[in-house]
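A.B. asks: Structure below; questions to follow.
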Amino acid sequence: MLTLSLLGSSAYAVLSLIDKLSSGTPLGSQSASINQSTAERPWLDVAQQLVGLTVALAPVALALYLLTLSSRRRGWQVIGLDARGGRRDTARALLLLAAIGVPGIAFYLLGRAIGITSAVVPTPETIAWWSIPLLVLSAVRAGLVEEVIGIGYLYTRLGELGWRPWTIILSAAVMRGSYHLYQGIGPFLGNVVMGIVFGWCYRRWGRVMPLVLAHTAIDVIVFLCYPLAVQWWPELLVPEPVGS
């Protein structure tokens, strides 16, 4: 399961970081792009991105199915990926958004300032009307994949194997950081902290839905506000020219 999803991403991210560090160009002068257009023709670009999002969600469906097979309940009920939490889940998501989202963005800007983080470009070069729903769907995909598999499914399976709670939390947090290494050292550290906080909250609440909501909201804010943020802080968000 992990090899099909997050561990595979970790392997590519580690190789990407090795490439960046050995290129002779400082991390601060390099960039990492996500959510970019895949074709010049709009209809083909939208179709290809929708297919990519669908394929990326396949491991989530598989994880829920496997949890269902090993339990007397539906997989989404086992990890709390349902609407039963109502307003409580929403309130918890807002709490995580404030506790992780704002400091996370500040930590990213700090990493850019001291040169340990590549410039992450989370939006396509040309924004069209269809870019916004695709970016929102990309945020939903990230929230589901990382929280359902990286916390809900993984915590359940490792717990069944007898792992101690904090061993699970720290291991999953390091994995979360590892698949962000393509962005540099700063995002690795920031996502390890995020993984610890999210993991502790999951252990306490027993529900993954607040984590999915918070993660999705953080990504939506980052994706949609990036063009405006570039105008405010171009010296931090735009890669530094080599030799400057």
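Order determines the names: the first chain of the structure tokens is A, the second B, and so forth; residues in each chain are numbered 1 upward, and ligands are numbered 1 upward as they are shown.
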Could you pull the residues within 8 Å of A:Arg141, counting only C-alpha atoms, minus those fewer than 2 positions along the same chain, as a CSV table (one decimal) with N, CA and C atoms, in the first residue's frame?
C.D. replies:
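What landed in out_18.csv:
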chain,number,residue,atom,x,y,z
A,53,LEU,N,-5.5,13.0,-11.1
A,53,LEU,CA,-6.1,13.0,-9.8
A,53,LEU,C,-6.9,11.7,-9.4
A,56,ALA,N,-4.4,9.0,-8.6
A,56,ALA,CA,-3.8,9.2,-7.3
A,56,ALA,C,-4.7,8.9,-6.1
A,57,LEU,N,-6.0,8.9,-6.4
A,57,LEU,CA,-7.0,8.5,-5.3
A,57,LEU,C,-7.2,7.0,-5.2
A,137,LEU,N,-9.4,20.6,-6.3
A,137,LEU,CA,-9.4,19.1,-6.4
A,137,LEU,C,-8.0,18.6,-6.0
A,138,SER,N,-6.9,19.2,-6.4
A,138,SER,CA,-5.6,18.8,-6.1
A,138,SER,C,-5.4,18.9,-4.6
A,139,ALA,N,-5.9,19.9,-4.0
A,139,ALA,CA,-5.8,20.0,-2.5
A,139,ALA,C,-6.6,18.9,-1.8
A,143,GLY,N,-5.1,16.0,0.7
A,143,GLY,CA,-5.6,15.8,2.0
A,143,GLY,C,-6.0,14.4,2.2
A,144,LEU,N,-6.7,13.8,1.3
A,144,LEU,CA,-7.1,12.4,1.4
A,144,LEU,C,-6.0,11.4,1.4
A,145,VAL,N,-5.1,11.6,0.4
A,145,VAL,CA,-4.0,10.6,0.3
A,145,VAL,C,-3.1,10.6,1.5
A.B. asks: A:Leu224, A:Ser118, A:Ala229, A:Ala214: which is nearest A:Thr90, counting only C-alpha atoms?
C.D. replies: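 Closest residue, counting only C-alpha atoms: A:Ala214.
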A.B. asks: Considering only C-alpha atoms, can you say which of A:Ser5, A:Pro26, A:Leu97, A:Gln77 comes closest to A:Ile221?
C.D. replies: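 Between A:Ser5, A:Pro26, A:Leu97, A:Gln77, the residue approaching A:Ile221 most closely is A:Leu97.
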A.B. asks: Contacts of A:Trp76 at 7 Å or less, counting only C-alpha atoms, minus same-chain residues fewer than 5 places along, as an mmCIF file with C-alpha atoms, in the first residue's frame?
C.D. replies:
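Saved as around23.cif:
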data_model
loop_
_atom_site.group_PDB
_atom_site.id
_atom_site.type_symbol
_atom_site.label_atom_id
_atom_site.label_comp_id
_atom_site.auth_asym_id
_atom_site.auth_seq_id
_atom_site.Cartn_x
_atom_site.Cartn_y
_atom_site.Cartn_z
ATOM 1 C CA LEU A 64 -10.492 1.901 2.830
ATOM 2 C CA LEU A 81 -13.681 9.585 7.631
ATOM 3 C CA ASP A 82 -17.377 10.382 7.744
#
A.B. asks: Could you check the closest approach to A:Val120 for each of A:Gln183, A:Phe198, A:Trp43, A:Asp219 and tell me which residue wins, using only C-alpha atoms?
C.D. replies: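 Of the candidates, the smallest distance to A:Val120 is held by A:Gln183.
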A.B. asks: Hey, what's within 12 Å of A:Arg112 if we count only C-alpha atoms and toss same-chain stuff fewer than 3 positions away? As a count of residues only, please?
C.D. replies: 30
A.B. asks: Mind giving me the straight-line distance from atom CA of A:Gly206 to atom CA of A:Ala99 in Å, one decimal?
C.D. replies: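 Those two atoms sit 18.9 Å apart.
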A.B. asks: Residues of stretch 63-125 of chain A in strand (DSSP E or B) according to DSSP, as a ChimeraX atom specification?
C.D. replies: /A:117,119-121
A.B. asks: Could you pull the residues within 12 Å of A:Leu7, counting only C-alpha atoms, minus those fewer than 3 positions along the same chain, as JSON, numbers by chain?
C.D. replies: {"A": [1, 2, 3, 4, 10, 11, 12, 13, 14, 145, 146, 149, 150, 154, 172, 174, 175, 176, 177, 178, 179, 180]}
A.B. asks: From a backbone DSSP assignment, name each residue in stretch 66-146 of chain A labelled alpha helix (DSSP H), as a PyMOL selection string.
C.D. replies: chain A and resi 66-69+75-79+86-96+102-114+131-144
